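**Student:** Supplied in structure tokens, the structure appears directly below.
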Amino acid sequence: MKVAVVGTGYVGLVTAVGLAKLGNEVIGVDKDINKIDMLGKGKLPIYEPGLNELFLSVLEEGKLDFSTDIGAAVRNSDVIFICVGTPSLDDGTADLSQVEEVARTVSENLDGYKLIVEKSTVPVNTARWIKRTIELYNKGKRVDFDVASNPEFLREGKAVYDFFHPDRIVIGVDSKRAENMLLELYAPVNAKILVTDIPTAELIKHASNSFLAMKISFINMISDLCDKTGADVKMVADGMGLDSRIGRAFLDAGLGYGGSCFPKDTRALFRIGEGYHLDFELLKVVDRINLKRIEKFIDKLKDALWVLKDKVVAVWGLSFKPDTDDIREAPSIKIIKELLKEDAHLRLYDPKAMENMKRLFPPDERVEYVDDMYSAVDGAHALLVVAEWGEFKDADLSRVASLMKTPVVVDGRNIFEPGEMAKYGIFYCGMGRGKSV
Ligand code: UDX
């Protein structure tokens with residue numbers, strides 16, 4: 001099938017490359033000329049494990065191309081995937097202006113039947129607005145198109161795997177033609193396909209992400225009680241997770257959730273519920289618990305160091321989670337801001353996200369970027385673990401302890417074991433793990 005993917009961000013790119021790999025002819029479209037230029041030259045603007053090899057192979061097979069001309073892409077395609085951003089407005093509602101702009105452009109280029117597919121996370125009933133916009137800009141002239149919802153469930157850092165091995169594919173349609181086209185498109189993917197009406201599919205996405213965010217805030221709430229009582233939140237999570245109705249995944253206490261999805265999706269869903277005068281306060285509490293993680297984390301550092309002014313603080317992990325270079329809503333951003341307010345000296349290390357972070361916090365006399373995790377701790381008064389990259393878990397702790405000026409580790413992602421740290425004389429604070437001596 002001929003497919004246009006509008007928006008070449010983390011979701012759009014994986015979707016475009018994945019659909020090309022499934023044998024479709026795909027055109028990736030974006031307004032950002034620099035990004036399209038880079039992609040046209042075979043260079044990825046993002047880091048996503050496994051994407052580069054796949055990207056180069058489908059480019060070579062001539063299955064994937066890129067353009068800034070969305071009109072031509074629409075005219076030359078049977079299916080148009082909307083993968084543009086739907087960021088939060090100040091009050092938490094989703095900003096749908098990019099979606100609306102795509103709908104307008106599609107309406108001006110409908111030269112035959114087209115299937116327009118919402119891949120971006122959108123509030124329930126957005127498809128109705130897309131449909132209405134296309135009809136409105138065609139001034140009521142009869143035009144042949146369908147709108148469908150096909151939400152993405154890609155986890156950054158595992159997005160390529162998730163594209164080809166999804167737990168489920170959700171297809172929200174209101175015509176047999178749209179249903180058949182999407183079933184054909186995903187036929188090569190061996191996964192459970194759930195066909196629903198469109199609003200249901202749109203809501204499955206928001207509900208899933210908000211539920212996962214709630215699970216994380218729940219275990220973080222429990223981890224605060226563990227800090228007070230000496231219980232071990234990891235073991236509590238293990239005990240809870242053995243109940244098949246709960247499941248262990250997404251019960252890792254720590255600095256909470258960041259990224260471009262959970263924070264905005266929980267706020268957007270709260271606003272949607274509020275818009276219907278429903279009591280969605282639960283989601284507000286989920287967000288509030290999450291925002292408090294940073295303050296609790298900094299308090300642990302202050303407990304250990306007393307005064308932060310002029311202290312050298314190493315930070316391991318700047319991305320919002322491991323295996324990505326994405327720093328959107330990353331806990332590291334608030335942590336860096338807080339530490340700079342305290343006049344600490346920061347030594348930052350991340351395997352992939354440093355270039356992105358330098359755009360927010362350029363190197364200066366208080367902000368230093370280093371090339372490896374050991375340089376970060378050399379002479380440091382404290383080490384903060386903020387994103388749990390694999391290499392940090394394998395760190396040589398005796399080397400870390402000997403390099404540090406004062407061996408203090410505040411572990412925001414509970415990657416170390418308290419008992420293990422005591423062996424190296426490290427003053428260790430986890431999140432809900434109690435304190436080592
Ligand atoms: C999420 C959803 O998992 C995915 O299905 C959806 O399509 C997009 O949003 P992503 O945001 O990429 O994916 O990452 P995810 O692995 O879900 O983690 C989200 C955040 O929660 C990260 O900041 C992570 O550090 C945090 N997290 C995750 C926890 O704090 N504890 C956990 O147990 C799991």
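Chain lettering (A, B, ...) mirrors the order of the structure tokens, residue numbering begins at 1 for each chain separately, and ligand numbering begins at 1 in order of display.
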If you count only C-alpha atoms and all ligand atoms, which residues end up within 7 Å of ligand 1, as a list in words?
**Tutor:** Glu152, Phe153, Leu154, Arg155, Glu156, Gly157, Asn209, Ala213, Ile216, Ala249, Phe250, Leu251, Asp252, Ala253, Gly254, Leu255, Gly256, Tyr257, Gly258, Gly259, Ser260, Cys261, Phe262, Phe320, Lys321 and Ala330 of chain A
**Student:** Go ahead and write the residues just picked, N, CA, C and O atoms, as a compact mmCIF listing (two decimals), in the first residue's frame.
**Tutor:**
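Final output, saved to selection.txt:
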# COMPACT_ATOMS: atom_id res chain seq x y z
N GLU A 152 -0.67 4.38 19.00
CA GLU A 152 0.63 3.72 19.13
C GLU A 152 0.85 3.33 20.59
O GLU A 152 0.40 4.01 21.49
N PHE A 153 1.52 2.19 20.77
CA PHE A 153 1.87 1.76 22.14
C PHE A 153 3.37 1.52 22.20
O PHE A 153 3.85 0.60 22.83
N LEU A 154 4.13 2.38 21.49
CA LEU A 154 5.58 2.17 21.40
C LEU A 154 6.26 2.78 22.63
O LEU A 154 6.02 3.93 22.97
N ARG A 155 7.11 1.95 23.30
CA ARG A 155 7.91 2.50 24.41
C ARG A 155 9.24 3.00 23.85
O ARG A 155 9.91 2.23 23.11
N GLU A 156 9.62 4.20 24.15
CA GLU A 156 10.93 4.67 23.67
C GLU A 156 12.03 3.78 24.25
O GLU A 156 11.96 3.34 25.39
N GLY A 157 13.00 3.51 23.40
CA GLY A 157 14.08 2.59 23.81
C GLY A 157 13.75 1.16 23.44
O GLY A 157 14.62 0.31 23.36
N ASN A 209 -2.25 4.61 29.10
CA ASN A 209 -1.11 5.39 29.59
C ASN A 209 -1.38 5.95 30.98
O ASN A 209 -0.52 5.94 31.84
N ALA A 213 0.70 5.19 34.41
CA ALA A 213 1.22 6.30 35.23
C ALA A 213 0.71 6.18 36.67
O ALA A 213 1.45 6.39 37.63
N ILE A 216 2.65 3.64 38.62
CA ILE A 216 3.96 4.17 39.04
C ILE A 216 3.79 5.10 40.25
O ILE A 216 4.51 5.00 41.24
N ALA A 249 5.22 -5.45 36.41
CA ALA A 249 5.71 -4.35 35.55
C ALA A 249 5.14 -3.01 36.00
O ALA A 249 4.00 -2.92 36.49
N PHE A 250 5.96 -1.99 35.87
CA PHE A 250 5.57 -0.61 36.19
C PHE A 250 5.28 -0.43 37.67
O PHE A 250 4.47 0.41 38.06
N LEU A 251 5.99 -1.23 38.47
CA LEU A 251 5.95 -1.04 39.94
C LEU A 251 7.36 -0.72 40.44
O LEU A 251 7.72 -1.09 41.54
N ASP A 252 8.17 -0.08 39.61
CA ASP A 252 9.52 0.32 40.03
C ASP A 252 9.46 1.74 40.59
O ASP A 252 9.24 2.69 39.84
N ALA A 253 9.67 1.82 41.91
CA ALA A 253 9.64 3.14 42.58
C ALA A 253 10.91 3.90 42.21
O ALA A 253 11.92 3.31 41.84
N GLY A 254 10.82 5.23 42.31
CA GLY A 254 12.02 6.02 42.04
C GLY A 254 11.67 7.47 41.80
O GLY A 254 10.88 8.06 42.55
N LEU A 255 12.22 8.02 40.73
CA LEU A 255 12.01 9.44 40.43
C LEU A 255 10.72 9.69 39.67
O LEU A 255 10.42 10.81 39.29
N GLY A 256 9.96 8.59 39.41
CA GLY A 256 8.67 8.77 38.75
C GLY A 256 8.78 8.82 37.24
O GLY A 256 9.84 8.58 36.68
N TYR A 257 7.66 9.15 36.60
CA TYR A 257 7.63 9.08 35.14
C TYR A 257 7.89 10.45 34.50
O TYR A 257 7.50 11.48 35.00
N GLY A 258 8.59 10.41 33.39
CA GLY A 258 8.83 11.60 32.56
C GLY A 258 8.46 11.23 31.14
O GLY A 258 7.60 10.37 30.93
N GLY A 259 9.09 11.86 30.19
CA GLY A 259 8.83 11.52 28.79
C GLY A 259 7.71 12.37 28.21
O GLY A 259 7.07 13.17 28.91
N SER A 260 7.43 12.13 26.93
CA SER A 260 6.47 12.98 26.21
C SER A 260 5.06 12.39 26.30
O SER A 260 4.13 12.92 25.69
N CYS A 261 4.89 11.29 27.03
CA CYS A 261 3.56 10.65 27.03
C CYS A 261 2.85 10.71 28.37
O CYS A 261 1.83 11.38 28.51
N PHE A 262 3.40 9.98 29.38
CA PHE A 262 2.65 9.87 30.63
C PHE A 262 2.27 11.22 31.23
O PHE A 262 1.10 11.44 31.59
N PHE A 320 15.04 10.74 29.90
CA PHE A 320 13.91 10.50 30.82
C PHE A 320 13.84 9.03 31.23
O PHE A 320 13.19 8.68 32.23
N LYS A 321 14.51 8.19 30.46
CA LYS A 321 14.61 6.75 30.79
C LYS A 321 15.79 6.23 30.01
O LYS A 321 16.31 6.89 29.11
N ALA A 330 12.16 15.02 31.43
CA ALA A 330 13.07 14.13 32.18
C ALA A 330 13.25 14.67 33.60
O ALA A 330 13.42 15.89 33.78
**Student:** Need the shell around A:Ala422: protein/DNA/RNA residues with any atom at most 12 Å away, counting only C-alpha atoms. Skip same-chain ones fewer than 4 positions apart. Format as a list in words?
**Tutor:**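 Returned residues: Leu397, Ser398, Ala401, Pro407, Val408, Val409, Phe416, Glu417, Pro418, Ile426, Phe427, Tyr428, Cys429, Lys435, Ser436 and Val437 of chain A.
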**Student:** Could you turn the residues from that selection into a file that holds N, CA and C atoms, as a short mmCIF file (atom, residue, chain, number, x, y, z; two decimals), in the first residue's frame?
**Tutor:**
data_model
loop_
_atom_site.label_atom_id
_atom_site.label_comp_id
_atom_site.auth_asym_id
_atom_site.auth_seq_id
_atom_site.Cartn_x
_atom_site.Cartn_y
_atom_site.Cartn_z
N LEU A 397 32.07 -0.58 41.90
CA LEU A 397 31.74 0.26 43.07
C LEU A 397 32.96 0.61 43.91
N SER A 398 33.98 -0.28 43.92
CA SER A 398 35.16 0.07 44.72
C SER A 398 35.88 1.24 44.03
N ALA A 401 33.86 4.38 44.80
CA ALA A 401 34.09 4.85 46.19
C ALA A 401 35.46 5.51 46.33
N PRO A 407 31.98 9.39 49.62
CA PRO A 407 31.25 8.33 48.92
C PRO A 407 29.76 8.33 49.27
N VAL A 408 29.03 9.26 48.65
CA VAL A 408 27.58 9.37 48.88
C VAL A 408 26.86 9.06 47.57
N VAL A 409 25.95 8.08 47.60
CA VAL A 409 25.19 7.74 46.39
C VAL A 409 23.70 7.87 46.69
N PHE A 416 20.99 -0.05 42.68
CA PHE A 416 21.96 -0.75 43.55
C PHE A 416 21.24 -1.36 44.76
N GLU A 417 21.96 -2.28 45.42
CA GLU A 417 21.41 -2.90 46.63
C GLU A 417 22.05 -2.24 47.86
N PRO A 418 21.26 -1.77 48.82
CA PRO A 418 21.83 -1.09 50.01
C PRO A 418 22.94 -1.90 50.68
N ILE A 426 30.03 3.01 51.23
CA ILE A 426 29.29 4.09 50.54
C ILE A 426 28.06 4.45 51.35
N PHE A 427 27.85 5.75 51.59
CA PHE A 427 26.62 6.20 52.24
C PHE A 427 25.55 6.17 51.16
N TYR A 428 24.58 5.24 51.29
CA TYR A 428 23.65 5.00 50.18
C TYR A 428 22.23 5.35 50.57
N CYS A 429 21.55 6.07 49.68
CA CYS A 429 20.12 6.34 49.84
C CYS A 429 19.40 5.89 48.58
N LYS A 435 18.25 3.30 54.49
CA LYS A 435 19.59 3.90 54.33
C LYS A 435 20.66 2.88 54.72
N SER A 436 21.79 2.89 53.99
CA SER A 436 22.89 2.02 54.46
C SER A 436 23.61 2.80 55.56
N VAL A 437 24.41 2.10 56.41
CA VAL A 437 25.07 2.82 57.53
C VAL A 437 26.12 3.78 56.99
#
**Student:** Counting only C-alpha atoms, which residue out of A:Leu360, A:Asp372, A:Leu384, A:Lys43 sits closest to A:Leu346?
**Tutor:** A:Leu384
**Student:** Go through A:Gly241, A:Gly273, A:Gly50, A:Gly12 one by one, measure the shortest atom-to-atom distance of each to A:Thr324 using only C-alpha atoms, and give the residue with the smallest value.
**Tutor:**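 Among A:Gly241, A:Gly273, A:Gly50, A:Gly12, it is A:Gly50 that comes nearest to A:Thr324.
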**Student:** Write out as a PDB file with N, CA, C and O atoms, in the first residue's frame which residues come within 8 Å of stretch 304-316 of chain A when counting only C-alpha atoms, dropping same-chain ones fewer than 6 positions away.
**Tutor:**
ATOM      1  N   LEU A 339      19.699  21.986  41.754  1.00  0.00           N
ATOM      2  CA  LEU A 339      21.096  21.963  42.221  1.00  0.00           C
ATOM      3  C   LEU A 339      21.816  23.267  41.848  1.00  0.00           C
ATOM      4  O   LEU A 339      22.635  23.771  42.617  1.00  0.00           O
ATOM      5  N   GLU A 342      21.061  25.836  44.255  1.00  0.00           N
ATOM      6  CA  GLU A 342      21.838  25.654  45.500  1.00  0.00           C
ATOM      7  C   GLU A 342      23.319  25.936  45.265  1.00  0.00           C
ATOM      8  O   GLU A 342      24.143  25.684  46.141  1.00  0.00           O
ATOM      9  N   ASP A 343      23.664  26.398  44.053  1.00  0.00           N
ATOM     10  CA  ASP A 343      25.066  26.722  43.738  1.00  0.00           C
ATOM     11  C   ASP A 343      25.999  25.520  43.819  1.00  0.00           C
ATOM     12  O   ASP A 343      27.172  25.649  44.188  1.00  0.00           O
ATOM     13  N   ALA A 344      25.464  24.340  43.494  1.00  0.00           N
ATOM     14  CA  ALA A 344      26.339  23.158  43.427  1.00  0.00           C
ATOM     15  C   ALA A 344      27.076  23.180  42.094  1.00  0.00           C
ATOM     16  O   ALA A 344      26.738  23.942  41.182  1.00  0.00           O
ATOM     17  N   HIS A 345      28.111  22.320  42.003  1.00  0.00           N
ATOM     18  CA  HIS A 345      28.851  22.193  40.744  1.00  0.00           C
ATOM     19  C   HIS A 345      28.480  20.841  40.151  1.00  0.00           C
ATOM     20  O   HIS A 345      28.644  19.810  40.795  1.00  0.00           O
ATOM     21  N   LEU A 346      27.945  20.864  38.930  1.00  0.00           N
ATOM     22  CA  LEU A 346      27.388  19.619  38.377  1.00  0.00           C
ATOM     23  C   LEU A 346      28.343  18.969  37.388  1.00  0.00           C
ATOM     24  O   LEU A 346      28.943  19.641  36.555  1.00  0.00           O
ATOM     25  N   ARG A 347      28.426  17.631  37.496  1.00  0.00           N
ATOM     26  CA  ARG A 347      29.199  16.897  36.505  1.00  0.00           C
ATOM     27  C   ARG A 347      28.272  15.845  35.901  1.00  0.00           C
ATOM     28  O   ARG A 347      27.874  14.891  36.545  1.00  0.00           O
ATOM     29  N   LEU A 348      27.867  16.083  34.651  1.00  0.00           N
ATOM     30  CA  LEU A 348      26.774  15.327  34.033  1.00  0.00           C
ATOM     31  C   LEU A 348      27.303  14.300  33.044  1.00  0.00           C
ATOM     32  O   LEU A 348      28.189  14.587  32.246  1.00  0.00           O
ATOM     33  N   TYR A 349      26.700  13.098  33.131  1.00  0.00           N
ATOM     34  CA  TYR A 349      27.047  12.081  32.134  1.00  0.00           C
ATOM     35  C   TYR A 349      25.806  11.305  31.708  1.00  0.00           C
ATOM     36  O   TYR A 349      24.972  10.913  32.547  1.00  0.00           O
ATOM     37  N   ASP A 350      25.678  11.098  30.398  1.00  0.00           N
ATOM     38  CA  ASP A 350      24.620  10.225  29.868  1.00  0.00           C
ATOM     39  C   ASP A 350      25.159   9.615  28.577  1.00  0.00           C
ATOM     40  O   ASP A 350      25.781  10.321  27.773  1.00  0.00           O
ATOM     41  N   MET A 373      31.243   7.495  32.996  1.00  0.00           N
ATOM     42  CA  MET A 373      30.625   7.562  34.324  1.00  0.00           C
ATOM     43  C   MET A 373      31.657   7.739  35.435  1.00  0.00           C
ATOM     44  O   MET A 373      31.365   8.354  36.463  1.00  0.00           O
ATOM     45  N   ALA A 376      32.748  11.316  35.899  1.00  0.00           N
ATOM     46  CA  ALA A 376      31.697  12.092  36.589  1.00  0.00           C
ATOM     47  C   ALA A 376      31.902  12.049  38.099  1.00  0.00           C
ATOM     48  O   ALA A 376      31.713  13.047  38.788  1.00  0.00           O
ATOM     49  N   VAL A 377      32.323  10.895  38.627  1.00  0.00           N
ATOM     50  CA  VAL A 377      32.397  10.755  40.098  1.00  0.00           C
ATOM     51  C   VAL A 377      33.766  11.154  40.654  1.00  0.00           C
ATOM     52  O   VAL A 377      33.923  11.279  41.864  1.00  0.00           O
ATOM     53  N   GLY A 379      36.348  12.911  42.358  1.00  0.00           N
ATOM     54  CA  GLY A 379      36.380  14.094  43.224  1.00  0.00           C
ATOM     55  C   GLY A 379      35.006  14.588  43.619  1.00  0.00           C
ATOM     56  O   GLY A 379      34.852  15.653  44.231  1.00  0.00           O
ATOM     57  N   ALA A 380      33.965  13.808  43.295  1.00  0.00           N
ATOM     58  CA  ALA A 380      32.591  14.278  43.584  1.00  0.00           C
ATOM     59  C   ALA A 380      32.224  14.053  45.060  1.00  0.00           C
ATOM     60  O   ALA A 380      32.681  13.092  45.675  1.00  0.00           O
ATOM     61  N   HIS A 381      31.372  14.939  45.586  1.00  0.00           N
ATOM     62  CA  HIS A 381      30.875  14.790  46.957  1.00  0.00           C
ATOM     63  C   HIS A 381      29.654  13.884  46.992  1.00  0.00           C
ATOM     64  O   HIS A 381      29.283  13.367  48.058  1.00  0.00           O
ATOM     65  N   ALA A 382      28.981  13.727  45.825  1.00  0.00           N
ATOM     66  CA  ALA A 382      27.815  12.830  45.775  1.00  0.00           C
ATOM     67  C   ALA A 382      27.581  12.390  44.332  1.00  0.00           C
ATOM     68  O   ALA A 382      27.969  13.094  43.378  1.00  0.00           O
ATOM     69  N   LEU A 383      26.982  11.209  44.217  1.00  0.00           N
ATOM     70  CA  LEU A 383      26.585  10.686  42.907  1.00  0.00           C
ATOM     71  C   LEU A 383      25.074  10.504  42.925  1.00  0.00           C
ATOM     72  O   LEU A 383      24.524   9.885  43.843  1.00  0.00           O
ATOM     73  N   LEU A 384      24.384  11.079  41.922  1.00  0.00           N
ATOM     74  CA  LEU A 384      22.935  10.897  41.784  1.00  0.00           C
ATOM     75  C   LEU A 384      22.673   9.982  40.593  1.00  0.00           C
ATOM     76  O   LEU A 384      23.129  10.257  39.484  1.00  0.00           O
ATOM     77  N   VAL A 385      21.957   8.875  40.837  1.00  0.00           N
ATOM     78  CA  VAL A 385      21.540   8.008  39.730  1.00  0.00           C
ATOM     79  C   VAL A 385      20.138   8.459  39.311  1.00  0.00           C
ATOM     80  O   VAL A 385      19.201   8.369  40.096  1.00  0.00           O
ATOM     81  N   VAL A 386      20.028   8.978  38.097  1.00  0.00           N
ATOM     82  CA  VAL A 386      18.755   9.593  37.672  1.00  0.00           C
ATOM     83  C   VAL A 386      18.073   8.811  36.543  1.00  0.00           C
ATOM     84  O   VAL A 386      16.858   8.774  36.446  1.00  0.00           O
ATOM     85  N   ALA A 387      18.868   8.171  35.663  1.00  0.00           N
ATOM     86  CA  ALA A 387      18.274   7.278  34.653  1.00  0.00           C
ATOM     87  C   ALA A 387      19.076   5.979  34.675  1.00  0.00           C
ATOM     88  O   ALA A 387      20.305   6.006  34.709  1.00  0.00           O
ATOM     89  N   PHE A 392      25.444   1.672  34.180  1.00  0.00           N
ATOM     90  CA  PHE A 392      25.575   2.143  35.577  1.00  0.00           C
ATOM     91  C   PHE A 392      25.415   0.954  36.538  1.00  0.00           C
ATOM     92  O   PHE A 392      26.058   0.896  37.579  1.00  0.00           O
ATOM     93  N   VAL A 408      29.027   9.262  48.647  1.00  0.00           N
ATOM     94  CA  VAL A 408      27.576   9.366  48.880  1.00  0.00           C
ATOM     95  C   VAL A 408      26.865   9.056  47.573  1.00  0.00           C
ATOM     96  O   VAL A 408      27.166   9.662  46.538  1.00  0.00           O
ATOM     97  N   PHE A 427      27.850   5.749  51.591  1.00  0.00           N
ATOM     98  CA  PHE A 427      26.621   6.199  52.238  1.00  0.00           C
ATOM     99  C   PHE A 427      25.553   6.172  51.156  1.00  0.00           C
ATOM    100  O   PHE A 427      25.621   6.932  50.190  1.00  0.00           O
TER     101      PHE A 427
END
**Student:** With only C-alpha atoms as the basis for distance, which of A:Lys41, A:Lys284, A:Lys334, A:Lys63 is at the shortest distance from A:Asn24?
**Tutor:**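 Result for the nearest residue to A:Asn24: A:Lys63.
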**Student:** Can you tell me, as a ChimeraX atom specification, which residues in stretch 305-364 of chain A count as strand (DSSP E) by DSSP?
**Tutor:** /A:312-316,345-349
**Student:** Go ahead and save the picked residues with all heavy atoms, as an mmCIF file, in the first residue's frame.
**Tutor:**
data_model
loop_
_atom_site.group_PDB
_atom_site.id
_atom_site.type_symbol
_atom_site.label_atom_id
_atom_site.label_comp_id
_atom_site.auth_asym_id
_atom_site.auth_seq_id
_atom_site.Cartn_x
_atom_site.Cartn_y
_atom_site.Cartn_z
ATOM 1 N N VAL A 312 30.562 19.239 44.582
ATOM 2 C CA VAL A 312 30.575 18.618 43.245
ATOM 3 C C VAL A 312 29.594 17.444 43.253
ATOM 4 O O VAL A 312 29.747 16.497 44.020
ATOM 5 C CB VAL A 312 31.989 18.128 42.889
ATOM 6 C CG1 VAL A 312 31.971 17.428 41.525
ATOM 7 C CG2 VAL A 312 32.968 19.302 42.891
ATOM 8 N N VAL A 313 28.564 17.576 42.415
ATOM 9 C CA VAL A 313 27.528 16.522 42.374
ATOM 10 C C VAL A 313 27.529 15.874 40.990
ATOM 11 O O VAL A 313 27.338 16.561 39.975
ATOM 12 C CB VAL A 313 26.127 17.106 42.684
ATOM 13 C CG1 VAL A 313 25.069 15.993 42.618
ATOM 14 C CG2 VAL A 313 26.119 17.782 44.060
ATOM 15 N N ALA A 314 27.790 14.568 40.970
ATOM 16 C CA ALA A 314 27.786 13.823 39.700
ATOM 17 C C ALA A 314 26.366 13.346 39.419
ATOM 18 O O ALA A 314 25.662 12.925 40.343
ATOM 19 C CB ALA A 314 28.725 12.629 39.799
ATOM 20 N N VAL A 315 25.959 13.437 38.152
ATOM 21 C CA VAL A 315 24.639 12.926 37.762
ATOM 22 C C VAL A 315 24.836 11.877 36.670
ATOM 23 O O VAL A 315 25.417 12.162 35.614
ATOM 24 C CB VAL A 315 23.726 14.063 37.224
ATOM 25 C CG1 VAL A 315 22.384 13.481 36.732
ATOM 26 C CG2 VAL A 315 23.483 15.115 38.309
ATOM 27 N N TRP A 316 24.393 10.660 36.966
ATOM 28 C CA TRP A 316 24.398 9.594 35.965
ATOM 29 C C TRP A 316 22.998 9.485 35.362
ATOM 30 O O TRP A 316 22.039 9.169 36.067
ATOM 31 C CB TRP A 316 24.756 8.261 36.599
ATOM 32 C CG TRP A 316 26.214 8.044 36.885
ATOM 33 C CD1 TRP A 316 27.245 8.905 36.640
ATOM 34 C CD2 TRP A 316 26.788 6.877 37.491
ATOM 35 N NE1 TRP A 316 28.433 8.342 37.056
ATOM 36 C CE2 TRP A 316 28.190 7.108 37.574
ATOM 37 C CE3 TRP A 316 26.281 5.666 37.958
ATOM 38 C CZ2 TRP A 316 29.067 6.164 38.111
ATOM 39 C CZ3 TRP A 316 27.146 4.710 38.485
ATOM 40 C CH2 TRP A 316 28.533 4.966 38.568
ATOM 41 N N HIS A 345 28.111 22.320 42.003
ATOM 42 C CA HIS A 345 28.851 22.193 40.744
ATOM 43 C C HIS A 345 28.480 20.841 40.151
ATOM 44 O O HIS A 345 28.644 19.810 40.795
ATOM 45 C CB HIS A 345 30.355 22.242 41.052
ATOM 46 C CG HIS A 345 31.193 22.097 39.819
ATOM 47 N ND1 HIS A 345 31.929 23.137 39.284
ATOM 48 C CD2 HIS A 345 31.375 21.023 38.992
ATOM 49 C CE1 HIS A 345 32.534 22.713 38.184
ATOM 50 N NE2 HIS A 345 32.224 21.437 37.982
ATOM 51 N N LEU A 346 27.945 20.864 38.930
ATOM 52 C CA LEU A 346 27.388 19.619 38.377
ATOM 53 C C LEU A 346 28.343 18.969 37.388
ATOM 54 O O LEU A 346 28.943 19.641 36.555
ATOM 55 C CB LEU A 346 26.071 19.928 37.654
ATOM 56 C CG LEU A 346 24.988 20.557 38.516
ATOM 57 C CD1 LEU A 346 23.709 20.713 37.726
ATOM 58 C CD2 LEU A 346 24.750 19.695 39.733
ATOM 59 N N ARG A 347 28.426 17.631 37.496
ATOM 60 C CA ARG A 347 29.199 16.897 36.505
ATOM 61 C C ARG A 347 28.272 15.845 35.901
ATOM 62 O O ARG A 347 27.874 14.891 36.545
ATOM 63 C CB ARG A 347 30.425 16.270 37.171
ATOM 64 C CG ARG A 347 31.540 16.161 36.172
ATOM 65 C CD ARG A 347 32.842 15.757 36.782
ATOM 66 N NE ARG A 347 33.501 16.745 37.603
ATOM 67 C CZ ARG A 347 34.217 16.424 38.674
ATOM 68 N NH1 ARG A 347 34.264 15.164 39.058
ATOM 69 N NH2 ARG A 347 34.827 17.331 39.370
ATOM 70 N N LEU A 348 27.867 16.083 34.651
ATOM 71 C CA LEU A 348 26.774 15.327 34.033
ATOM 72 C C LEU A 348 27.303 14.300 33.044
ATOM 73 O O LEU A 348 28.189 14.587 32.246
ATOM 74 C CB LEU A 348 25.834 16.303 33.302
ATOM 75 C CG LEU A 348 25.367 17.521 34.105
ATOM 76 C CD1 LEU A 348 24.561 18.470 33.209
ATOM 77 C CD2 LEU A 348 24.538 17.092 35.309
ATOM 78 N N TYR A 349 26.700 13.098 33.131
ATOM 79 C CA TYR A 349 27.047 12.081 32.134
ATOM 80 C C TYR A 349 25.806 11.305 31.708
ATOM 81 O O TYR A 349 24.972 10.913 32.547
ATOM 82 C CB TYR A 349 28.089 11.087 32.676
ATOM 83 C CG TYR A 349 28.284 9.922 31.730
ATOM 84 C CD1 TYR A 349 28.855 10.113 30.464
ATOM 85 C CD2 TYR A 349 27.807 8.644 32.057
ATOM 86 C CE1 TYR A 349 28.987 9.062 29.568
ATOM 87 C CE2 TYR A 349 27.927 7.595 31.156
ATOM 88 C CZ TYR A 349 28.517 7.808 29.920
ATOM 89 O OH TYR A 349 28.629 6.786 29.020
#
**Student:** Using only C-alpha atoms, which of the listed residues (A:Arg168, A:His277, A:Arg366, A:Lys205) sits closest to A:Lys119?
**Tutor:**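 Residue with the minimum atom-to-atom distance to A:Lys119: A:Lys205.
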**Student:** Can you list every residue of stretch 307-403 of chain A that has an atom at most 10 Å from stretch 291-294 of chain A, with its nearest atom pair and the distance in Å to one decimal, using only C-alpha atoms, ordered by chain then number, as a Markdown table?
**Tutor:**
| residue | atom | partner | partner_atom | distance |
| --- | --- | --- | --- | --- |
| A:Pro331 | CA | A:Ile294 | CA | 6.9 |
| A:Ser332 | CA | A:Ile294 | CA | 8.8 |
| A:Ile333 | CA | A:Ile294 | CA | 9.9 |
| A:Lys334 | CA | A:Ile294 | CA | 7.1 |
| A:Ile335 | CA | A:Ile294 | CA | 6.5 |
| A:Glu338 | CA | A:Ile294 | CA | 9.0 |
**Student:** Which residue gives the smallest distance to A:Cys83 among A:Tyr113, A:Tyr10, A:Phe145, A:Phe297, with only C-alpha atoms counted?
**Tutor:**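 Going through A:Tyr113, A:Tyr10, A:Phe145, A:Phe297 one by one, the smallest distance to A:Cys83 is for A:Tyr10.
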**Student:** Between atom CA of A:Phe163 and atom CA of A:Gly7, what is the distance, to one decimal in Å?
**Tutor:**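 That distance, rounded to one decimal, is 16.7 Å.
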